[in-house]
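Below is upload-v2.csv, which holds CSV, C-alpha atoms.
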```
chain,number,residue,atom,x,y,z
A,1,MET,CA,-15.6,-15.2,13.1
A,2,LYS,CA,-16.6,-13.4,9.9
A,3,ALA,CA,-14.1,-12.7,7.2
A,4,LEU,CA,-13.9,-11.7,3.5
A,5,VAL,CA,-12.9,-14.9,1.7
A,6,PHE,CA,-11.5,-15.2,-1.8
A,7,HIS,CA,-13.1,-17.9,-3.9
A,8,GLY,CA,-11.4,-17.5,-7.2
A,9,SER,CA,-11.3,-14.9,-10.0
A,10,GLY,CA,-14.1,-12.4,-9.5
A,11,GLU,CA,-15.6,-14.2,-6.5
A,12,SER,CA,-15.5,-13.4,-2.8
A,13,ALA,CA,-17.8,-13.5,0.2
A,14,TRP,CA,-18.2,-12.2,3.8
A,15,GLU,CA,-18.7,-15.4,5.6
A,16,ASP,CA,-18.1,-17.6,8.7
A,17,VAL,CA,-14.6,-19.0,9.0
A,18,ALA,CA,-12.6,-20.5,11.9
A,19,ASP,CA,-11.1,-18.2,14.5
A,20,PRO,CA,-7.3,-17.9,14.1
A,21,GLY,CA,-5.1,-19.5,16.7
A,22,ILE,CA,-1.5,-19.2,17.8
A,23,GLN,CA,0.5,-21.5,15.4
A,24,ASP,CA,4.1,-20.3,16.2
A,25,ALA,CA,5.7,-18.9,19.3
A,26,THR,CA,6.3,-15.6,17.5
A,27,ASP,CA,2.6,-15.1,16.5
A,28,ALA,CA,0.1,-12.5,17.9
A,29,ILE,CA,-3.7,-12.6,17.5
A,30,VAL,CA,-5.1,-9.2,16.8
A,31,ARG,CA,-8.8,-8.1,17.1
A,32,VAL,CA,-9.3,-6.0,14.0
A,33,ASP,CA,-10.8,-2.5,14.8
A,34,ALA,CA,-10.1,-0.8,11.4
A,35,VAL,CA,-9.2,-2.3,8.0
A,36,THR,CA,-9.1,-0.9,4.5
A,37,ILE,CA,-9.1,-2.2,0.9
A,38,CYS,CA,-6.0,-2.0,-1.3
A,39,GLY,CA,-5.8,-1.8,-5.1
A,40,THR,CA,-3.8,-5.0,-4.8
A,41,ASP,CA,-6.9,-6.7,-3.4
A,42,LEU,CA,-8.7,-5.7,-6.6
A,43,HIS,CA,-5.9,-7.2,-8.7
A,44,ILE,CA,-6.3,-10.5,-6.7
A,45,LEU,CA,-10.0,-10.6,-7.5
A,46,LYS,CA,-9.3,-10.0,-11.2
A,47,GLY,CA,-7.0,-13.1,-11.1
A,48,ASP,CA,-3.8,-11.1,-11.6
A,49,LEU,CA,-2.1,-12.9,-8.7
A,50,PRO,CA,-2.7,-16.7,-9.2
A,51,GLU,CA,-0.6,-17.6,-6.1
A,52,VAL,CA,-3.5,-16.5,-3.9
A,53,ARG,CA,-5.4,-19.7,-3.3
A,54,PRO,CA,-9.2,-19.9,-3.1
A,55,GLY,CA,-10.3,-20.0,0.5
A,56,THR,CA,-7.8,-17.3,1.6
A,57,VAL,CA,-9.0,-14.4,3.7
A,58,LEU,CA,-8.0,-11.2,1.9
A,59,GLY,CA,-6.5,-8.0,3.3
A,60,HIS,CA,-3.1,-6.9,4.5
A,61,GLU,CA,-3.7,-3.6,6.4
A,62,ALA,CA,-5.3,-3.2,9.8
A,63,VAL,CA,-5.4,-1.5,13.2
A,64,GLY,CA,-6.5,-3.5,16.2
A,65,GLU,CA,-5.9,-4.7,19.7
A,66,VAL,CA,-3.6,-7.6,20.6
A,67,VAL,CA,-5.6,-10.3,22.4
A,68,GLU,CA,-3.0,-13.1,22.6
A,69,VAL,CA,0.7,-13.6,21.9
A,70,GLY,CA,3.0,-16.5,21.5
A,71,SER,CA,5.6,-17.4,24.1
A,72,ASP,CA,8.5,-15.7,22.1
A,73,VAL,CA,6.8,-12.4,21.5
A,74,ARG,CA,8.5,-9.6,23.5
A,75,THR,CA,7.5,-6.2,22.3
A,76,VAL,CA,3.7,-6.4,22.3
A,77,ARG,CA,1.2,-7.8,24.8
A,78,PRO,CA,-2.5,-8.3,25.2
A,79,GLY,CA,-4.3,-5.0,25.4
A,80,ASP,CA,-1.9,-3.2,23.2
A,81,ARG,CA,-3.3,-1.2,20.3
A,82,VAL,CA,-1.2,-1.8,17.2
A,83,LEU,CA,-0.8,-1.1,13.5
A,84,VAL,CA,-0.5,-4.4,11.6
A,85,SER,CA,2.0,-3.9,8.8
A,86,CYS,CA,1.4,-5.2,5.3
A,87,ILE,CA,4.9,-6.7,5.5
A,88,THR,CA,5.9,-9.4,7.9
A,89,ALA,CA,9.5,-9.6,8.9
A,90,CYS,CA,11.4,-12.3,10.8
A,91,GLY,CA,14.3,-10.0,11.6
A,92,ARG,CA,16.9,-12.7,11.2
A,93,CYS,CA,17.3,-13.6,7.5
A,94,ARG,CA,19.8,-11.9,5.2
A,95,TYR,CA,17.2,-9.5,3.7
A,96,CYS,CA,15.7,-8.5,7.1
A,97,ARG,CA,19.2,-7.7,8.4
A,98,GLU,CA,19.6,-5.4,5.4
A,99,GLY,CA,16.2,-3.7,6.1
A,100,SER,CA,14.7,-5.3,3.0
A,101,TYR,CA,11.8,-6.8,4.9
A,102,GLY,CA,9.6,-7.2,1.9
A,103,GLN,CA,12.0,-9.9,0.7
A,104,CYS,CA,12.1,-11.8,4.0
A,105,ARG,CA,13.1,-15.5,3.4
A,106,ALA,CA,11.9,-16.9,6.7
A,107,GLY,CA,8.1,-16.9,6.3
A,108,GLY,CA,7.8,-13.1,6.0
A,109,GLY,CA,7.4,-10.5,3.2
A,110,TRP,CA,4.0,-9.9,1.9
A,111,ILE,CA,2.1,-12.9,3.2
A,112,LEU,CA,-1.1,-11.5,4.8
A,113,GLY,CA,-4.0,-11.9,2.4
A,114,HIS,CA,-1.6,-13.3,-0.1
A,115,LEU,CA,0.0,-16.6,1.1
A,116,ILE,CA,-1.9,-16.8,4.5
A,117,ASP,CA,-5.2,-15.5,5.8
A,118,GLY,CA,-5.3,-11.7,6.0
A,119,THR,CA,-6.8,-8.8,7.9
A,120,GLN,CA,-10.2,-8.3,6.3
A,121,ALA,CA,-11.7,-10.3,9.2
A,122,GLU,CA,-12.7,-9.8,12.8
A,123,TYR,CA,-9.4,-11.3,14.0
A,124,VAL,CA,-6.1,-12.0,12.3
A,125,ARG,CA,-3.0,-14.0,13.2
A,126,VAL,CA,0.1,-11.9,12.7
A,127,PRO,CA,3.4,-14.0,12.4
A,128,HIS,CA,6.7,-12.5,13.6
A,129,ALA,CA,4.7,-10.0,15.7
A,130,ASP,CA,7.6,-8.2,17.2
A,131,LEU,CA,8.7,-6.7,13.9
A,132,SER,CA,5.3,-6.8,12.1
A,133,THR,CA,3.2,-4.7,14.5
A,134,TYR,CA,3.7,-1.1,15.7
A,135,ALA,CA,2.3,0.3,19.0
A,136,LEU,CA,0.0,3.2,18.5
A,137,ARG,CA,-0.5,6.2,20.8
A,138,GLY,CA,-4.0,6.5,22.2
A,139,ALA,CA,-4.6,9.8,20.4
A,140,VAL,CA,-4.1,8.4,16.9
A,141,ASP,CA,-7.3,7.8,15.1
A,142,SER,CA,-7.6,4.2,13.7
A,143,LYS,CA,-8.8,5.4,10.3
A,144,ASP,CA,-5.7,7.5,9.9
A,145,ALA,CA,-3.3,5.0,11.3
A,146,VAL,CA,-4.5,2.2,9.0
A,147,LEU,CA,-3.2,4.2,6.0
A,148,LEU,CA,0.3,3.7,7.3
A,149,ALA,CA,0.0,-0.1,7.0
A,150,ASP,CA,0.7,0.1,3.3
A,151,ILE,CA,-0.1,3.1,1.1
A,152,PHE,CA,2.1,5.7,2.7
A,153,PRO,CA,5.2,3.6,3.2
A,154,THR,CA,4.7,2.1,-0.3
A,155,ALA,CA,4.4,5.5,-2.0
A,156,TYR,CA,7.2,6.9,0.0
A,157,GLU,CA,9.7,4.1,-0.3
A,158,VAL,CA,9.0,2.6,-3.7
A,159,GLY,CA,8.0,5.9,-5.3
A,160,VAL,CA,9.7,8.9,-3.8
A,161,LEU,CA,12.8,7.3,-2.3
A,162,ASN,CA,13.5,4.8,-5.1
A,163,GLY,CA,12.8,7.7,-7.6
A,164,ARG,CA,15.4,9.8,-5.7
A,165,VAL,CA,13.2,12.9,-5.6
A,166,ARG,CA,15.4,16.0,-4.9
A,167,PRO,CA,14.9,19.7,-4.4
A,168,ALA,CA,13.9,21.6,-7.6
A,169,ASP,CA,12.9,18.4,-9.5
A,170,THR,CA,10.0,18.0,-11.8
A,171,VAL,CA,8.0,15.0,-10.5
A,172,VAL,CA,5.3,13.3,-12.5
A,173,VAL,CA,2.9,10.9,-10.7
A,174,VAL,CA,0.9,8.8,-13.1
A,175,GLY,CA,-2.2,7.5,-11.3
A,176,ALA,CA,-3.9,9.7,-8.7
A,177,GLY,CA,-5.4,6.8,-6.7
A,178,PRO,CA,-4.5,6.4,-3.0
A,179,ILE,CA,-0.9,5.4,-3.7
A,180,GLY,CA,-0.4,8.2,-6.2
A,181,LEU,CA,-1.8,10.7,-3.8
A,182,ALA,CA,0.4,9.5,-1.0
A,183,ALA,CA,3.4,9.8,-3.4
A,184,ILE,CA,2.4,13.5,-4.1
A,185,ALA,CA,2.1,14.2,-0.3
A,186,THR,CA,5.5,12.6,0.5
A,187,ALA,CA,7.3,13.9,-2.5
A,188,ARG,CA,6.7,17.4,-1.1
A,189,PHE,CA,9.1,16.5,1.8
A,190,TYR,CA,11.9,17.2,-0.7
A,191,THR,CA,10.7,20.5,-2.1
A,192,PRO,CA,10.5,19.6,-5.8
A,193,GLU,CA,10.0,22.5,-8.2
A,194,ARG,CA,6.7,21.1,-9.4
A,195,ILE,CA,4.6,18.0,-9.2
A,196,ILE,CA,2.4,17.0,-12.1
A,197,ALA,CA,-0.5,14.5,-11.5
A,198,VAL,CA,-1.9,12.4,-14.3
A,199,ASP,CA,-5.1,10.4,-14.2
A,200,LEU,CA,-8.3,9.8,-16.1
A,201,ALA,CA,-10.7,10.7,-13.3
A,202,PRO,CA,-11.4,14.5,-12.8
A,203,ALA,CA,-12.3,13.8,-9.1
A,204,ARG,CA,-8.9,12.2,-8.5
A,205,LEU,CA,-7.1,15.1,-10.2
A,206,ASP,CA,-9.0,17.5,-7.9
A,207,ALA,CA,-7.8,15.5,-5.0
A,208,ALA,CA,-4.2,15.6,-6.3
A,209,LYS,CA,-4.4,19.4,-6.3
A,210,ARG,CA,-5.6,19.4,-2.7
A,211,LEU,CA,-2.7,17.1,-1.8
A,212,GLY,CA,-0.1,19.4,-3.4
A,213,ALA,CA,0.1,18.8,-7.1
A,214,ASP,CA,1.1,22.0,-9.0
A,215,ALA,CA,-0.4,20.8,-12.3
A,216,VAL,CA,-2.7,18.1,-13.5
A,217,ALA,CA,-3.5,16.4,-16.8
A,218,SER,CA,-5.6,13.7,-18.2
A,219,ALA,CA,-3.7,10.5,-19.1
A,220,GLY,CA,-2.6,10.3,-22.7
A,221,ASP,CA,-1.2,12.8,-25.2
A,222,GLU,CA,-2.3,15.8,-23.0
A,223,ALA,CA,-0.1,14.7,-20.1
A,224,GLU,CA,3.0,14.1,-22.3
A,225,GLN,CA,2.6,17.4,-23.9
A,226,LEU,CA,2.2,19.2,-20.6
A,227,VAL,CA,5.4,17.6,-19.3
A,228,ALA,CA,7.2,18.6,-22.4
A,229,ASP,CA,5.9,22.2,-22.2
A,230,LEU,CA,6.8,22.7,-18.5
A,231,THR,CA,10.3,21.3,-18.9
A,232,GLU,CA,11.2,22.9,-22.2
A,233,GLY,CA,11.1,19.6,-23.9
A,234,LEU,CA,13.6,17.9,-21.5
A,235,GLY,CA,11.2,15.6,-19.6
A,236,ALA,CA,10.6,15.0,-15.9
A,237,ASP,CA,13.4,14.2,-13.4
A,238,VAL,CA,11.3,11.6,-11.7
A,239,VAL,CA,8.2,9.8,-13.0
A,240,ILE,CA,6.3,7.6,-10.6
A,241,GLU,CA,4.0,4.9,-12.0
A,242,ALA,CA,1.1,4.2,-9.7
A,243,VAL,CA,-1.4,2.4,-11.9
A,244,GLY,CA,-0.1,-1.0,-13.0
A,245,VAL,CA,-1.1,-1.2,-16.6
A,246,PRO,CA,1.2,-1.4,-19.7
A,247,ALA,CA,0.1,1.9,-21.2
A,248,SER,CA,0.9,3.9,-18.1
A,249,PHE,CA,4.3,2.3,-17.6
A,250,GLU,CA,5.2,3.0,-21.3
A,251,ALA,CA,4.0,6.6,-20.9
A,252,CYS,CA,6.3,7.0,-17.9
A,253,THR,CA,9.3,6.0,-20.0
A,254,ARG,CA,8.4,8.6,-22.6
A,255,MET,CA,8.0,11.4,-20.1
A,256,VAL,CA,11.3,10.9,-18.2
A,257,ARG,CA,14.3,13.0,-19.1
A,258,PRO,CA,17.7,11.6,-20.0
A,259,GLY,CA,19.4,10.7,-16.8
A,260,GLY,CA,16.1,10.6,-14.9
A,261,HIS,CA,14.3,8.0,-12.8
A,262,VAL,CA,11.1,6.0,-13.4
A,263,ALA,CA,9.9,4.4,-10.2
A,264,ASN,CA,7.3,1.7,-10.8
A,265,VAL,CA,4.9,1.2,-7.9
A,266,GLY,CA,1.9,-0.2,-9.7
A,267,VAL,CA,1.0,-3.9,-9.5
A,268,HIS,CA,1.2,-5.3,-13.1
A,269,GLY,CA,-1.0,-8.2,-14.2
A,270,LYS,CA,0.1,-8.1,-17.8
A,271,PRO,CA,3.5,-7.6,-19.6
A,272,ALA,CA,4.6,-4.1,-20.5
A,273,THR,CA,6.9,-3.3,-23.4
A,274,LEU,CA,10.3,-1.9,-22.4
A,275,HIS,CA,11.4,0.2,-25.4
A,276,LEU,CA,15.1,-0.2,-25.1
A,277,GLU,CA,15.5,0.8,-28.7
A,278,ASP,CA,14.7,4.3,-27.4
A,279,LEU,CA,15.9,4.1,-23.8
A,280,TRP,CA,19.4,2.5,-24.1
A,281,ILE,CA,21.1,5.8,-24.9
A,282,LYS,CA,19.3,7.9,-22.3
A,283,ASN,CA,20.9,6.8,-19.0
A,284,VAL,CA,17.4,6.2,-17.5
A,285,THR,CA,17.1,4.4,-14.2
A,286,ILE,CA,14.0,2.2,-13.8
A,287,THR,CA,13.2,0.8,-10.3
A,288,THR,CA,10.6,-1.7,-9.2
A,289,GLY,CA,9.9,-2.8,-5.7
A,290,LEU,CA,7.8,-4.3,-3.0
A,291,VAL,CA,7.6,-2.0,0.0
A,292,ASP,CA,9.8,-2.9,3.0
A,293,THR,CA,8.1,-0.7,5.5
A,294,TYR,CA,11.4,0.4,7.1
A,295,SER,CA,9.9,4.0,7.0
A,296,THR,CA,6.8,3.1,9.1
A,297,PRO,CA,8.2,4.4,12.4
A,298,THR,CA,9.2,7.7,10.8
A,299,LEU,CA,5.8,8.1,9.1
A,300,LEU,CA,4.0,7.3,12.4
A,301,ARG,CA,5.8,10.1,14.1
A,302,MET,CA,5.0,12.5,11.3
A,303,MET,CA,1.3,11.5,11.4
A,304,ALA,CA,1.2,12.0,15.2
A,305,ALA,CA,2.7,15.5,14.6
A,306,GLY,CA,0.0,16.3,12.0
A,307,GLN,CA,2.5,16.3,9.1
A,308,LEU,CA,0.7,13.7,7.0
A,309,PRO,CA,-2.6,14.4,5.3
A,310,THR,CA,-4.1,11.0,6.1
A,311,SER,CA,-7.7,12.0,6.8
A,312,SER,CA,-8.1,13.7,3.5
A,313,LEU,CA,-7.6,10.4,1.7
A,314,VAL,CA,-10.5,8.6,3.5
A,315,THR,CA,-13.7,9.3,1.5
A,316,HIS,CA,-15.9,6.4,2.7
A,317,THR,CA,-16.4,4.6,5.9
A,318,PHE,CA,-18.4,1.4,6.5
A,319,PRO,CA,-19.1,-1.0,9.3
A,320,MET,CA,-17.1,-4.2,9.0
A,321,ASP,CA,-20.1,-6.3,7.9
A,322,ALA,CA,-20.5,-4.1,4.9
A,323,MET,CA,-17.3,-5.5,3.4
A,324,GLU,CA,-18.9,-6.5,0.1
A,325,GLU,CA,-20.5,-3.1,-0.3
A,326,ALA,CA,-17.2,-1.4,0.4
A,327,TYR,CA,-15.5,-3.4,-2.3
A,328,GLU,CA,-18.1,-2.4,-4.8
A,329,VAL,CA,-17.7,1.3,-3.9
A,330,PHE,CA,-13.9,1.1,-4.1
A,331,ALA,CA,-13.9,-0.9,-7.3
A,332,ARG,CA,-16.1,1.7,-9.0
A,333,ALA,CA,-14.0,4.6,-7.9
A,334,ALA,CA,-14.5,6.6,-11.1
A,335,ASP,CA,-18.2,6.6,-10.4
A,336,THR,CA,-18.2,6.8,-6.6
A,337,GLY,CA,-15.3,9.2,-6.1
A,338,ALA,CA,-13.8,6.7,-3.6
A,339,LEU,CA,-10.1,7.2,-2.7
A,340,LYS,CA,-9.7,5.2,0.4
A,341,VAL,CA,-12.4,3.2,2.2
A,342,VAL,CA,-12.1,2.3,5.9
A,343,LEU,CA,-14.2,-0.3,7.7
A,344,GLY,CA,-14.5,-0.4,11.4
A,345,GLY,CA,-15.5,-3.7,13.1
A,346,PRO,CA,-17.6,-4.3,16.2
A,347,GLN,CA,-15.9,-4.9,19.5
A,348,HIS,CA,-15.7,-8.4,20.9
A,349,ASP,CA,-15.4,-9.3,24.6
A,350,ALA,CA,-13.6,-12.7,24.2
A,351,LEU,CA,-11.9,-14.9,21.8
A,352,THR,CA,-11.1,-18.6,22.4
A,353,ILE,CA,-7.5,-19.2,21.4
A,354,ARG,CA,-6.5,-22.7,20.2
A,355,THR,CA,-2.8,-23.4,21.0
A,356,PRO,CA,-0.8,-26.2,19.4
```
Reformat the file's structure so that it appears as C-alpha cells.
Amino acid sequence: MKALVFHGSGESAWEDVADPGIQDATDAIVRVDAVTICGTDLHILKGDLPEVRPGTVLGHEAVGEVVEVGSDVRTVRPGDRVLVSCITACGRCRYCREGSYGQCRAGGGWILGHLIDGTQAEYVRVPHADLSTYALRGAVDSKDAVLLADIFPTAYEVGVLNGRVRPADTVVVVGAGPIGLAAIATARFYTPERIIAVDLAPARLDAAKRLGADAVASAGDEAEQLVADLTEGLGADVVIEAVGVPASFEACTRMVRPGGHVANVGVHGKPATLHLEDLWIKNVTITTGLVDTYSTPTLLRMMAAGQLPTSSLVTHTFPMDAMEEAYEVFARAADTGALKVVLGGPQHDALTIRTP
C-alpha cells in the first residue's frame, strides 16, 4: 500500500510500505477513506517529538471501512463504516476504567502515528478496536466526521472542560488554528459573556468571528490590552492556549484573572517559563492534558444533529496521493489560508490479510 512515512526531522515521503495485518486478537484493519493532517504531525516533522522513530507511518485521524477484525473484536465487523479515534483504549487498565483513555497503560493512549504506524495510509491497523473506533451513520459526511477523531474532542475536553468555562465568563482563545476554532465553537455551549480570539493571521481571526468569537486581536500587546479593557483590568476567567510556543503560554498567564483557569492544549517542543513570582498569589489553576476522547460519542450525536460547525473548518480537500502537497499547504497556513485539510483515498476491492 501507499503511506506517508516519517524519515527523520524535516523528511517524509508518500511511498510503498507493507500492508498491515492482524497482530493481536483485538485488532481491526480499516481501509482509510478520509484522513486529515494535525498540527501535531507538523511538530513531529520539526523534530519536537523524538520518540517518533524514522520509518513510522504518520497520522492519527481517519474515517474508513473495517475490512478485517481479530477474533476478540465484538463491536465492529467487516463492512462497518467507522471513525478511527486518535486515542486507543484497552478498556481494562486503571486509567481506562476512570475514562482517562489517553493515559492507557496497556498498549493504548496516543499510539497511532506516534509509537506505531498511523492513519495517513491506504489501510491502518487499529489496536483495541472495540473502544478505539466509532460506528458512523450513513448520512454523516466523512470529511466532517474525521474532525471528530481529534480536534473537536481535544478542544472540548482539554480546552473548554479543563478550563471550566461557565455562563457569563470571558474566554480568551490564543491560537485560531483548527484546535482554537473548535474551542471557540464548543465554548459557546456554555454561553460565556464573550469569547476573544488571538492570532497573528488575519484570515484565522476572520474564521474565529464566523465560528462565534465576539472580539479578535493580533497576538502581543494588542491582545493583552484588549482583554484588560474588556474586563476592566481584571483579566479573563478562562484562557485557552492552542499554539504550543513559550510566548503564547506566558501571554496566557498574564491575561488570566486571579482565580481563573489557563487550559494548555498546545503541543510544546520547547520549555516555557512559569512565572511563579507573579502567579503564586493569584490562585490561578493551570491544566495540561492529552485528550481522552470520552466526549466523542456526545460530539458525534451533536454533529449528526447539525450542532457542530465541522464543514466550515475544512478549507482544502485533496486525493490521498496528494499527501505531500497537502502537507505543504497545511504547513504554510498563513499564506494558503488553510484551516483543516482533508484527503480522500481511492476505493480498493481487496486486501490480503496476514494473520499470525
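Using all atoms listed in the file, the shortest contact distance between A:Gly113 and any of A:Pro153, A:Gly233, A:Pro309, A:Pro54 is found at A:Pro54.
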Next on the checklist: To one decimal place in Å, what is the distance between atom CA of A:Met1 and atom CA of A:Gly55?
Outcome noted: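 Value for the atom CA of A:Met1-atom CA of A:Gly55 distance: 14.5 Å.
We find atom CA of A:Ala155 and atom CA of A:Thr296 to be spaced 11.6 Å apart.
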Next on the checklist: Let me make sure I understand: among A:Ser312, A:Thr40, A:Thr75, A:Thr170, which one has the smallest atom-to-atom distance to A:Val243 if we use only C-alpha atoms?
Outcome noted: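 Ranking A:Ser312, A:Thr40, A:Thr75, A:Thr170 by distance to A:Val243, first place goes to A:Thr40.
Here the question is which of A:Cys38, A:Ala28, A:Cys96, A:Ala89 gets nearest to A:Arg77 using all atoms listed in the file, and that residue is A:Ala28.
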Next on the checklist: Which residues are close to A:Ile151, i.e. within 10 Å by only C-alpha atoms, leaving aside same-chain residues fewer than 2 positions away? Reply as a list in words.
Outcome noted: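 So the residues in contact are Cys38, Gly39, Glu61, Cys86, Val146, Leu147, Leu148, Ala149, Pro153, Thr154, Ala155, Tyr156, Glu157, Pro178, Ile179, Gly180, Leu181, Ala182, Ala183, Val291 and Lys340 of chain A.
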Item to check | Near-A:Gly109 list (12 Å; all atoms listed in the file; drop same-chain fewer than 4 positions) as a PyMOL selection string | outcome: chain A and resi 60+85-91+93+95-96+99-105+113-116+127-128+131-132+290-293
Keeping only C-alpha atoms, write the selected residues to a file as a PDB file, in the coordinates of the input.
```pdb
ATOM      1  CA  HIS A  60      -3.100  -6.900   4.500  1.00  0.00           C
ATOM      2  CA  SER A  85       2.000  -3.900   8.800  1.00  0.00           C
ATOM      3  CA  CYS A  86       1.400  -5.200   5.300  1.00  0.00           C
ATOM      4  CA  ILE A  87       4.900  -6.700   5.500  1.00  0.00           C
ATOM      5  CA  THR A  88       5.900  -9.400   7.900  1.00  0.00           C
ATOM      6  CA  ALA A  89       9.500  -9.600   8.900  1.00  0.00           C
ATOM      7  CA  CYS A  90      11.400 -12.300  10.800  1.00  0.00           C
ATOM      8  CA  GLY A  91      14.300 -10.000  11.600  1.00  0.00           C
ATOM      9  CA  CYS A  93      17.300 -13.600   7.500  1.00  0.00           C
ATOM     10  CA  TYR A  95      17.200  -9.500   3.700  1.00  0.00           C
ATOM     11  CA  CYS A  96      15.700  -8.500   7.100  1.00  0.00           C
ATOM     12  CA  GLY A  99      16.200  -3.700   6.100  1.00  0.00           C
ATOM     13  CA  SER A 100      14.700  -5.300   3.000  1.00  0.00           C
ATOM     14  CA  TYR A 101      11.800  -6.800   4.900  1.00  0.00           C
ATOM     15  CA  GLY A 102       9.600  -7.200   1.900  1.00  0.00           C
ATOM     16  CA  GLN A 103      12.000  -9.900   0.700  1.00  0.00           C
ATOM     17  CA  CYS A 104      12.100 -11.800   4.000  1.00  0.00           C
ATOM     18  CA  ARG A 105      13.100 -15.500   3.400  1.00  0.00           C
ATOM     19  CA  GLY A 113      -4.000 -11.900   2.400  1.00  0.00           C
ATOM     20  CA  HIS A 114      -1.600 -13.300  -0.100  1.00  0.00           C
ATOM     21  CA  LEU A 115       0.000 -16.600   1.100  1.00  0.00           C
ATOM     22  CA  ILE A 116      -1.900 -16.800   4.500  1.00  0.00           C
ATOM     23  CA  PRO A 127       3.400 -14.000  12.400  1.00  0.00           C
ATOM     24  CA  HIS A 128       6.700 -12.500  13.600  1.00  0.00           C
ATOM     25  CA  LEU A 131       8.700  -6.700  13.900  1.00  0.00           C
ATOM     26  CA  SER A 132       5.300  -6.800  12.100  1.00  0.00           C
ATOM     27  CA  LEU A 290       7.800  -4.300  -3.000  1.00  0.00           C
ATOM     28  CA  VAL A 291       7.600  -2.000   0.000  1.00  0.00           C
ATOM     29  CA  ASP A 292       9.800  -2.900   3.000  1.00  0.00           C
ATOM     30  CA  THR A 293       8.100  -0.700   5.500  1.00  0.00           C
TER      31      THR A 293
END
```
Next on the checklist: I'd like the neighbourhood of A:Gly70 as JSON, numbers by chain, where a residue qualifies if any of its atoms comes within 7 Å (using all atoms listed in the file), though same-chain residues fewer than 3 positions away should be ignored.
Outcome noted: {"A": [22, 24, 25, 26, 27, 28, 73]}
Next on the checklist: One decimal, in Å: what's the spacing between atom CA of A:Phe249 and atom CA of A:Leu226?
Outcome noted: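 Spanning atom CA of A:Phe249 to atom CA of A:Leu226 is a straight-line distance of 17.3 Å.
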Checklist entry - Which of these, A:Val198, A:Ala3, A:Ala251, A:Met320, has the shortest distance to A:Asp33 once you count all atoms listed in the file? => result A:Met320
Checklist entry - So, counting only C-alpha atoms, which residue among A:Val342, A:Met323, A:Leu274, A:Ala145 is closest to A:Lys2? => result A:Met323
I'd like the contact shell of stretch 201-214 of chain A - 7 Å cut-off, only C-alpha atoms, skipping same-chain residues fewer than 6 positions apart - returned as an mmCIF file with C-alpha atoms, keeping the file's coordinate frame.
```cif
data_model
loop_
_atom_site.group_PDB
_atom_site.id
_atom_site.type_symbol
_atom_site.label_atom_id
_atom_site.label_comp_id
_atom_site.auth_asym_id
_atom_site.auth_seq_id
_atom_site.Cartn_x
_atom_site.Cartn_y
_atom_site.Cartn_z
ATOM 1 C CA ALA A 176 -3.900 9.700 -8.700
ATOM 2 C CA GLY A 177 -5.400 6.800 -6.700
ATOM 3 C CA LEU A 181 -1.800 10.700 -3.800
ATOM 4 C CA ILE A 184 2.400 13.500 -4.100
ATOM 5 C CA ALA A 185 2.100 14.200 -0.300
ATOM 6 C CA ARG A 194 6.700 21.100 -9.400
ATOM 7 C CA ILE A 195 4.600 18.000 -9.200
ATOM 8 C CA ALA A 334 -14.500 6.600 -11.100
ATOM 9 C CA GLY A 337 -15.300 9.200 -6.100
#
```
Item to check | Residues near A:Asp41, cut-off 12 Å, only C-alpha atoms, skip fewer than 6 positions along chain, as a VMD selection string | outcome: chain A and resid 4 to 6 9 to 12 47 to 49 52 56 to 61 112 to 114 118 to 120 267 327 330 to 331
Item to check | Residue nearest A:Leu313 among A:Tyr134, A:Trp14, A:Phe152, A:Tyr294 (counting only C-alpha atoms) | outcome: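 Going through A:Tyr134, A:Trp14, A:Phe152, A:Tyr294 one by one, the smallest distance to A:Leu313 is for A:Phe152.
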Could you rebuild stretch 311-321 of chain A with N, CA and C atoms and give it back as a tab-separated table (two decimals), keeping the file's coordinate frame?
```tsv
chain	number	residue	atom	x	y	z
A	311	SER	N	-6.23	11.92	6.79
A	311	SER	CA	-7.70	12.00	6.80
A	311	SER	C	-8.29	12.40	5.49
A	312	SER	N	-7.59	13.22	4.72
A	312	SER	CA	-8.10	13.70	3.50
A	312	SER	C	-8.23	12.60	2.41
A	313	LEU	N	-7.56	11.48	2.62
A	313	LEU	CA	-7.60	10.40	1.70
A	313	LEU	C	-8.81	9.45	1.93
A	314	VAL	N	-9.38	9.50	3.12
A	314	VAL	CA	-10.50	8.60	3.50
A	314	VAL	C	-11.80	9.26	3.03
A	315	THR	N	-12.43	8.70	2.02
A	315	THR	CA	-13.70	9.30	1.50
A	315	THR	C	-14.91	8.50	1.91
A	316	HIS	N	-14.75	7.24	2.30
A	316	HIS	CA	-15.90	6.40	2.70
A	316	HIS	C	-15.57	5.57	3.88
A	317	THR	N	-16.52	5.47	4.80
A	317	THR	CA	-16.40	4.60	5.90
A	317	THR	C	-17.58	3.64	6.00
A	318	PHE	N	-17.33	2.42	6.48
A	318	PHE	CA	-18.40	1.40	6.50
A	318	PHE	C	-18.19	0.58	7.82
A	319	PRO	N	-19.26	-0.04	8.30
A	319	PRO	CA	-19.10	-1.00	9.30
A	319	PRO	C	-18.43	-2.28	8.73
A	320	MET	N	-17.82	-3.10	9.55
A	320	MET	CA	-17.10	-4.20	9.00
A	320	MET	C	-17.96	-5.19	8.23
A	321	ASP	N	-19.21	-5.36	8.64
A	321	ASP	CA	-20.10	-6.30	7.90
A	321	ASP	C	-20.58	-5.81	6.60
```
